[in-house]
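Here's the structure, in structure tokens; my notes come after.
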Amino acid sequence: MLMTKERRSAIRTLRGWAIAVLHETNAIRECEEHGWMQDRSDPHARERAFDIARLDPPPGVSSEAAAFAMMEVLDSIGDTCPECPSAD
Ligand SMILES: [Zn+2]
């Protein structure tokens with residue numbers, strides 16, 4: 001039971017780590033008004049984020065798992081804020 005619990009919290013932390021790195025490299029940004037994360041679709045920023053996943057994954061996490069977590073975060077984030085009115 002303890003193992004399962006620990007594993008779950010590690011996954012949650014890994015997603016948080018991936019979001020932090022993507023934010024830091026400007027691959028994603030937060031809507032200033034609503035706080036939704038948006039994918040900036042910047043290939044260079046993504047490349048930097050994946051470099052960090054590959055070269056400097058969080059402790060106890062393989063570079064593959066770190067990169068996978070990052071892809072999952074990017075998959076789950078749209079490129080516009082769902083609450084912002086779309087520009088005409
Ligand atoms: Zn917004």
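Ligands are numbered from 1 in the order shown, residues from 1 within each chain, and chains are lettered A, B, ... in the order they appear in the structure tokens.
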**OP:** Please write out the residues within 6 Å of ligand 1 as a ChimeraX atom specification, counting only C-alpha atoms and all ligand atoms.
**Re:** /A:31,33-34,81,83-84
**OP:** Pick out the residues sitting within 7 Å of region 72-76 of chain A, and hand them over as a list in words; count only C-alpha atoms, and ignore anything fewer than 3 positions along from it in its own chain.
**Re:** Ile19, Asp39, Phe68 and Ala69 of chain A
Picked from chain A by DSSP as strand (DSSP E or B), as a PDB file with N, CA and C atoms, in the first residue's frame:
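Final output, saved to states35.pdb:
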```
ATOM      1  N   ILE A  28       5.505  27.022 -22.418  1.00  0.00           N
ATOM      2  CA  ILE A  28       4.102  27.301 -22.105  1.00  0.00           C
ATOM      3  C   ILE A  28       4.047  28.614 -21.325  1.00  0.00           C
ATOM      4  N   ARG A  29       2.884  29.229 -21.332  1.00  0.00           N
ATOM      5  CA  ARG A  29       2.733  30.422 -20.503  1.00  0.00           C
ATOM      6  C   ARG A  29       1.341  30.409 -19.882  1.00  0.00           C
ATOM      7  N   GLU A  30       1.209  31.240 -18.877  1.00  0.00           N
ATOM      8  CA  GLU A  30      -0.030  31.281 -18.136  1.00  0.00           C
ATOM      9  C   GLU A  30      -0.820  32.500 -18.583  1.00  0.00           C
ATOM     10  N   MET A  37      -2.884  27.496 -18.485  1.00  0.00           N
ATOM     11  CA  MET A  37      -1.630  27.293 -19.187  1.00  0.00           C
ATOM     12  C   MET A  37      -1.904  27.203 -20.691  1.00  0.00           C
ATOM     13  N   GLN A  38      -1.045  27.838 -21.462  1.00  0.00           N
ATOM     14  CA  GLN A  38      -1.189  27.793 -22.910  1.00  0.00           C
ATOM     15  C   GLN A  38       0.109  27.324 -23.545  1.00  0.00           C
ATOM     16  N   ASP A  39      -0.024  26.481 -24.540  1.00  0.00           N
ATOM     17  CA  ASP A  39       1.119  26.004 -25.307  1.00  0.00           C
ATOM     18  C   ASP A  39       1.526  27.113 -26.281  1.00  0.00           C
TER      19      ASP A  39
END
```
Original post:
Hey, what does DSSP flag as helix (DSSP H, G or I) within chain A? Can you give it to me as a ChimeraX atom specification?
Top reply: /A:2-24,43-55,63-76
**OP:** Excluding Ser63 (chain A) and any residue of its chain fewer than 5 positions from it, enumerate the residues within 9 Å of it, using only C-alpha atoms, and give them as a ChimeraX atom specification.
**Re:** /A:52-58,68
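Distances from A:Arg40, A:Met70, A:Glu47, A:Pro59 to Ala20 (chain A) were compared using only C-alpha atoms, and the smallest one belongs to A:Met70.
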Subject >> Selection: 9 Å around Phe50 (chain A), only C-alpha atoms, excl. self and same-chain fewer than 5 positions, as a list in words >> reply: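 Residues near the query, excluding close chain neighbours: Val21, Leu22, Ala45, Leu55, Ala66, Ala67 and Met70 of chain A.
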**OP:** Kindly indicate which residue among A:Ala49, A:Thr80, A:Thr13, A:Pro43 lies nearest to Thr25 (chain A), using only C-alpha atoms for the distances.
**Re:** A:Ala49
Subject >> Which of A:Ser86, A:Met71, A:Asp51, A:Asp42 sits closest to Ala27 (chain A) [using only C-alpha atoms] >> reply: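 Ranking A:Ser86, A:Met71, A:Asp51, A:Asp42 by distance to Ala27 (chain A), first place goes to A:Asp42.
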Subject >> One-decimal distance in Å that lies between CA of His23 (chain A) and CA of Gly60 (chain A) >> reply: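 Going from CA of Gly60 (chain A) over to CA of His23 (chain A) covers 21.7 Å.
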**OP:** Go ahead and compute the interatomic distance for CA of Gly35 (chain A) and CA of Val61 (chain A), in Å to one decimal.
**Re:**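 Value for the CA of Gly35 (chain A)-CA of Val61 (chain A) distance: 28.1 Å.
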